[in-house]
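Down below is the structure, laid out as structure tokens.
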Amino acid sequence: MPEEPENWWEVTPEGDVKSDPDSPKPIVIRGFQREGDQWVSKAKEETDGSSDDSAERSDYDKQKIGATALFLLSFIFGDWWWDGSNGLGALINSIESITYMPGSLTGSYEFWTSQAGFNPLDAILITTAWMLWDISTLVFSLGFVLCWWGWSLNNKTEANRILNGKKSYKFLLYFSVVLISMDILSYTVWSGLLGVIEWPFDFIEWHFWQGVAILAAIGLNPDNDLWGRFTSQSVKE
């Protein structure tokens, strides 16, 4: 005698489900769905079906990581202050110098105007240039921090990450232009107009690592696909 199925009301001779009103209804388990005789997690199925490309960083994220790494290299190993301190020591000195302003600025102006051969314009140029160098460590550090966490509170979307990087790029670019321009103008006070020819060599000698930081800031520009060019060049080779 053939054995009856355990749930005889669910099976017909053709294997179809009966619509017996007295039969118990199947139990629904939240978060699972029925596949044959098994319950499969919906979340697991969706995860298994998703592509790993969603977790892959974009080219701009990789470019920004490279630019930040270059800045950190300069910050940790470079000479950022007049006494040879690295970025961390210079950052402390930079913050401290701001607390002395504007008294330190007026004192510097009065000192240079009291020196023979220096007029008020010379004093303004020298004081402004030195002030910009004093705060440069803080400005560059702030710019790179903001490119990751600052300008936009929501940094999870690709659009906002690009926006943060672009704002930091512009912020550091404008500061760098003013910094270098004032440095050249103050250099003419010491060496004259013809002496500007020697400025690039002195800049490399005294501010090489800040120059590296400026190059790193250029790498934050999302309109300049440096990572794409680098990878395409690597593929060609």
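Here, A, B, ... name the chains of the structure tokens in the order displayed, residue numbers run from 1 inside each chain, and ligands are numbered from 1 in the same displayed order.
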
Q | All helix (DSSP H, G or I) residues (DSSP, backbone) inside region 60-237 of chain A, as number ranges by chain | A | A: 60-77, 87-99, 103-113, 120-149, 158-191, 194-218, 226-236

(Q) Can you pull out the residues contacting Asp225 (chain A)? Cut-off 8 Å, using only C-alpha atoms, and skip same-chain residues under 5 positions away; I want them as a list of chain:residue names. (A) A:Asp59, A:Tyr60, A:Gln63

Output N, CA and C atoms of each residue in that selection to a file, as an mmCIF file, in the first residue's frame.
data_model
loop_
_atom_site.group_PDB
_atom_site.id
_atom_site.type_symbol
_atom_site.label_atom_id
_atom_site.label_comp_id
_atom_site.auth_asym_id
_atom_site.auth_seq_id
_atom_site.Cartn_x
_atom_site.Cartn_y
_atom_site.Cartn_z
ATOM 1 N N ASP A 59 37.976 56.327 -10.219
ATOM 2 C CA ASP A 59 39.295 56.836 -10.589
ATOM 3 C C ASP A 59 39.632 58.099 -9.806
ATOM 4 N N TYR A 60 38.619 58.945 -9.563
ATOM 5 C CA TYR A 60 38.913 60.180 -8.831
ATOM 6 C C TYR A 60 39.255 59.895 -7.375
ATOM 7 N N GLN A 63 42.744 58.935 -7.377
ATOM 8 C CA GLN A 63 43.581 60.110 -7.617
ATOM 9 C C GLN A 63 43.698 60.954 -6.357
#

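The residue set within 10 Å of Ser104 (chain A), counting only C-alpha atoms and dropping same-chain residues fewer than 6 places from it, reads A:Ser97, A:Ile98, A:Glu110, A:Thr127, A:Met131.
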
Can you write out the residues you just picked, keeping N, CA and C atoms, as a PDB file, in the first residue's frame?
ATOM      1  N   SER A  97      51.466  81.086  15.835  1.00  0.00           N
ATOM      2  CA  SER A  97      51.748  82.381  15.215  1.00  0.00           C
ATOM      3  C   SER A  97      50.472  83.180  14.979  1.00  0.00           C
ATOM      4  N   ILE A  98      49.370  82.475  14.696  1.00  0.00           N
ATOM      5  CA  ILE A  98      48.100  83.166  14.470  1.00  0.00           C
ATOM      6  C   ILE A  98      47.607  83.825  15.754  1.00  0.00           C
ATOM      7  N   GLU A 110      56.685  97.788  11.688  1.00  0.00           N
ATOM      8  CA  GLU A 110      57.440  98.866  12.333  1.00  0.00           C
ATOM      9  C   GLU A 110      58.941  98.585  12.299  1.00  0.00           C
ATOM     10  N   THR A 127      56.341  91.664   5.285  1.00  0.00           N
ATOM     11  CA  THR A 127      55.485  91.196   6.379  1.00  0.00           C
ATOM     12  C   THR A 127      54.387  90.273   5.866  1.00  0.00           C
ATOM     13  N   MET A 131      53.986  86.311   6.695  1.00  0.00           N
ATOM     14  CA  MET A 131      52.745  85.887   7.335  1.00  0.00           C
ATOM     15  C   MET A 131      52.115  84.715   6.587  1.00  0.00           C
TER      16      MET A 131
END

Q.
From the options A:Met182, A:Asn93, A:Val189, A:Ser141, which residue's atoms come nearest to Pro120 (chain A), counting only C-alpha atoms?
A. A:Val189

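Restricting the calculation to only C-alpha atoms, the smallest distance between Phe140 (chain A) and any of A:Gly107, A:Pro222, A:Gly211, A:Gly84 is found for A:Gly211.
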
Q | Residue neighbourhood Ser181 (chain A), 12 Å, only C-alpha atoms, exclusion window fewer than 4 positions, as a VMD selection string | A | chain A and resid 125 to 126 128 to 129 132 to 133 174 to 177 185 to 188 196 199

Q. Can you list every residue in region 32-229 of chain A that DSSP puts in strand (DSSP E or B), as number ranges by chain?
A. A: 32-35, 38-41

Selected residues written out with N, CA and C atoms, as an mmCIF file, in the first residue's frame:
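New file result15.cif:
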data_model
loop_
_atom_site.group_PDB
_atom_site.id
_atom_site.type_symbol
_atom_site.label_atom_id
_atom_site.label_comp_id
_atom_site.auth_asym_id
_atom_site.auth_seq_id
_atom_site.Cartn_x
_atom_site.Cartn_y
_atom_site.Cartn_z
ATOM 1 N N PHE A 32 12.519 36.057 3.987
ATOM 2 C CA PHE A 32 12.817 34.844 3.230
ATOM 3 C C PHE A 32 11.758 34.646 2.159
ATOM 4 N N GLN A 33 12.120 33.893 1.150
ATOM 5 C CA GLN A 33 11.158 33.530 0.124
ATOM 6 C C GLN A 33 11.311 32.053 -0.203
ATOM 7 N N ARG A 34 10.198 31.444 -0.620
ATOM 8 C CA ARG A 34 10.164 30.001 -0.861
ATOM 9 C C ARG A 34 10.702 29.684 -2.245
ATOM 10 N N GLU A 35 11.660 28.771 -2.308
ATOM 11 C CA GLU A 35 12.170 28.251 -3.567
ATOM 12 C C GLU A 35 12.133 26.734 -3.489
ATOM 13 N N GLN A 38 12.732 24.800 -0.065
ATOM 14 C CA GLN A 38 13.633 25.522 0.826
ATOM 15 C C GLN A 38 13.238 26.986 0.914
ATOM 16 N N TRP A 39 13.615 27.587 2.062
ATOM 17 C CA TRP A 39 13.445 29.030 2.258
ATOM 18 C C TRP A 39 14.800 29.700 2.054
ATOM 19 N N VAL A 40 14.839 30.688 1.194
ATOM 20 C CA VAL A 40 16.084 31.381 0.853
ATOM 21 C C VAL A 40 15.994 32.817 1.323
ATOM 22 N N SER A 41 17.083 33.302 1.954
ATOM 23 C CA SER A 41 17.112 34.682 2.434
ATOM 24 C C SER A 41 17.113 35.641 1.259
#

Q. For Leu172 (chain A), which residue among A:Tyr100, A:Phe75, A:Phe144, A:Trp112 is the nearest when counting only C-alpha atoms?
A. A:Phe144

Q. Any idea what's packed within 8 Å of region 155-164 of chain A, counting only C-alpha atoms, ignoring anything in its chain fewer than 3 positions away? Could you give it as a VMD selection string?
A. chain A and resid 60 to 61 146 to 152 167 to 168 222

Export, as a compact mmCIF listing (two decimals), in the first residue's frame, the selected residues with C-alpha atoms.
# COMPACT_ATOMS: atom_id res chain seq x y z
CA TYR A 60 38.91 60.18 -8.83
CA ASP A 61 38.93 58.56 -5.38
CA LEU A 146 38.29 69.29 4.13
CA CYS A 147 38.69 67.46 0.83
CA TRP A 148 37.68 64.27 2.67
CA TRP A 149 35.35 65.36 5.46
CA GLY A 150 34.66 69.06 5.48
CA TRP A 151 33.00 70.97 2.68
CA SER A 152 29.98 68.69 2.32
CA LYS A 167 36.57 72.96 -3.44
CA SER A 168 39.80 72.01 -1.68
CA PRO A 222 38.68 66.31 -10.61

Q | For Leu173 (chain A), the nearest of the candidates A:Pro200, A:Gly219, A:Gly192, A:Gly87, counting only C-alpha atoms | A | A:Gly219

Q: Determine, counting only C-alpha atoms, which protein, DNA and RNA residues have an atom within 12 Å of an atom of Asp79 (chain A); residues of the same chain fewer than 3 positions away are not included. Present the result as a PyMOL selection string.
A: chain A and resi 73-76+82-91+137+204-213

Mind writing the picked residues with N, CA and C atoms as a PDB file, in the first residue's frame?
ATOM      1  N   LEU A  73      53.450  62.666   2.673  1.00  0.00           N
ATOM      2  CA  LEU A  73      54.890  62.440   2.539  1.00  0.00           C
ATOM      3  C   LEU A  73      55.653  63.733   2.782  1.00  0.00           C
ATOM      4  N   SER A  74      55.170  64.808   2.167  1.00  0.00           N
ATOM      5  CA  SER A  74      55.791  66.115   2.370  1.00  0.00           C
ATOM      6  C   SER A  74      55.638  66.576   3.814  1.00  0.00           C
ATOM      7  N   PHE A  75      54.455  66.346   4.377  1.00  0.00           N
ATOM      8  CA  PHE A  75      54.145  66.814   5.727  1.00  0.00           C
ATOM      9  C   PHE A  75      55.011  66.117   6.778  1.00  0.00           C
ATOM     10  N   ILE A  76      55.215  64.818   6.616  1.00  0.00           N
ATOM     11  CA  ILE A  76      55.929  64.040   7.632  1.00  0.00           C
ATOM     12  C   ILE A  76      57.440  64.196   7.511  1.00  0.00           C
ATOM     13  N   TRP A  82      60.883  77.558   9.692  1.00  0.00           N
ATOM     14  CA  TRP A  82      62.183  78.210   9.589  1.00  0.00           C
ATOM     15  C   TRP A  82      63.276  77.462  10.343  1.00  0.00           C
ATOM     16  N   ASP A  83      62.886  76.707  11.386  1.00  0.00           N
ATOM     17  CA  ASP A  83      63.884  75.988  12.180  1.00  0.00           C
ATOM     18  C   ASP A  83      64.091  74.555  11.708  1.00  0.00           C
ATOM     19  N   GLY A  84      63.477  74.178  10.592  1.00  0.00           N
ATOM     20  CA  GLY A  84      63.646  72.832  10.051  1.00  0.00           C
ATOM     21  C   GLY A  84      62.631  71.823  10.553  1.00  0.00           C
ATOM     22  N   SER A  85      61.592  72.263  11.246  1.00  0.00           N
ATOM     23  CA  SER A  85      60.582  71.337  11.765  1.00  0.00           C
ATOM     24  C   SER A  85      59.781  70.715  10.625  1.00  0.00           C
ATOM     25  N   ASN A  86      59.318  69.484  10.866  1.00  0.00           N
ATOM     26  CA  ASN A  86      58.454  68.850   9.870  1.00  0.00           C
ATOM     27  C   ASN A  86      57.044  69.422   9.979  1.00  0.00           C
ATOM     28  N   GLY A  87      56.105  68.820   9.248  1.00  0.00           N
ATOM     29  CA  GLY A  87      54.766  69.382   9.189  1.00  0.00           C
ATOM     30  C   GLY A  87      54.070  69.461  10.533  1.00  0.00           C
ATOM     31  N   LEU A  88      54.255  68.442  11.376  1.00  0.00           N
ATOM     32  CA  LEU A  88      53.571  68.441  12.666  1.00  0.00           C
ATOM     33  C   LEU A  88      54.064  69.573  13.555  1.00  0.00           C
ATOM     34  N   GLY A  89      55.388  69.722  13.644  1.00  0.00           N
ATOM     35  CA  GLY A  89      55.936  70.817  14.438  1.00  0.00           C
ATOM     36  C   GLY A  89      55.578  72.168  13.854  1.00  0.00           C
ATOM     37  N   ALA A  90      55.595  72.248  12.519  1.00  0.00           N
ATOM     38  CA  ALA A  90      55.247  73.508  11.862  1.00  0.00           C
ATOM     39  C   ALA A  90      53.775  73.844  12.057  1.00  0.00           C
ATOM     40  N   LEU A  91      52.929  72.820  12.114  1.00  0.00           N
ATOM     41  CA  LEU A  91      51.499  73.061  12.328  1.00  0.00           C
ATOM     42  C   LEU A  91      51.259  73.691  13.696  1.00  0.00           C
ATOM     43  N   THR A 137      51.304  76.019   6.588  1.00  0.00           N
ATOM     44  CA  THR A 137      51.142  74.641   7.075  1.00  0.00           C
ATOM     45  C   THR A 137      49.705  74.386   7.500  1.00  0.00           C
ATOM     46  N   ILE A 204      63.364  76.506  -4.347  1.00  0.00           N
ATOM     47  CA  ILE A 204      63.581  75.067  -4.205  1.00  0.00           C
ATOM     48  C   ILE A 204      64.414  74.771  -2.960  1.00  0.00           C
ATOM     49  N   GLU A 205      65.380  75.636  -2.676  1.00  0.00           N
ATOM     50  CA  GLU A 205      66.236  75.410  -1.513  1.00  0.00           C
ATOM     51  C   GLU A 205      65.477  75.588  -0.201  1.00  0.00           C
ATOM     52  N   TRP A 206      64.629  76.613  -0.140  1.00  0.00           N
ATOM     53  CA  TRP A 206      63.964  76.948   1.119  1.00  0.00           C
ATOM     54  C   TRP A 206      62.563  76.355   1.249  1.00  0.00           C
ATOM     55  N   HIS A 207      61.889  76.128   0.131  1.00  0.00           N
ATOM     56  CA  HIS A 207      60.475  75.724   0.196  1.00  0.00           C
ATOM     57  C   HIS A 207      60.179  74.529  -0.709  1.00  0.00           C
ATOM     58  N   PHE A 208      61.126  73.626  -0.827  1.00  0.00           N
ATOM     59  CA  PHE A 208      60.935  72.473  -1.710  1.00  0.00           C
ATOM     60  C   PHE A 208      59.709  71.655  -1.310  1.00  0.00           C
ATOM     61  N   TRP A 209      59.571  71.378  -0.016  1.00  0.00           N
ATOM     62  CA  TRP A 209      58.488  70.499   0.428  1.00  0.00           C
ATOM     63  C   TRP A 209      57.122  71.172   0.334  1.00  0.00           C
ATOM     64  N   GLN A 210      57.094  72.493   0.475  1.00  0.00           N
ATOM     65  CA  GLN A 210      55.830  73.191   0.218  1.00  0.00           C
ATOM     66  C   GLN A 210      55.467  73.119  -1.264  1.00  0.00           C
ATOM     67  N   GLY A 211      56.503  73.121  -2.114  1.00  0.00           N
ATOM     68  CA  GLY A 211      56.259  72.935  -3.543  1.00  0.00           C
ATOM     69  C   GLY A 211      55.657  71.568  -3.842  1.00  0.00           C
ATOM     70  N   VAL A 212      56.124  70.549  -3.123  1.00  0.00           N
ATOM     71  CA  VAL A 212      55.542  69.213  -3.271  1.00  0.00           C
ATOM     72  C   VAL A 212      54.072  69.228  -2.853  1.00  0.00           C
ATOM     73  N   ALA A 213      53.767  69.953  -1.781  1.00  0.00           N
ATOM     74  CA  ALA A 213      52.379  70.054  -1.321  1.00  0.00           C
ATOM     75  C   ALA A 213      51.504  70.765  -2.356  1.00  0.00           C
TER      76      ALA A 213
END
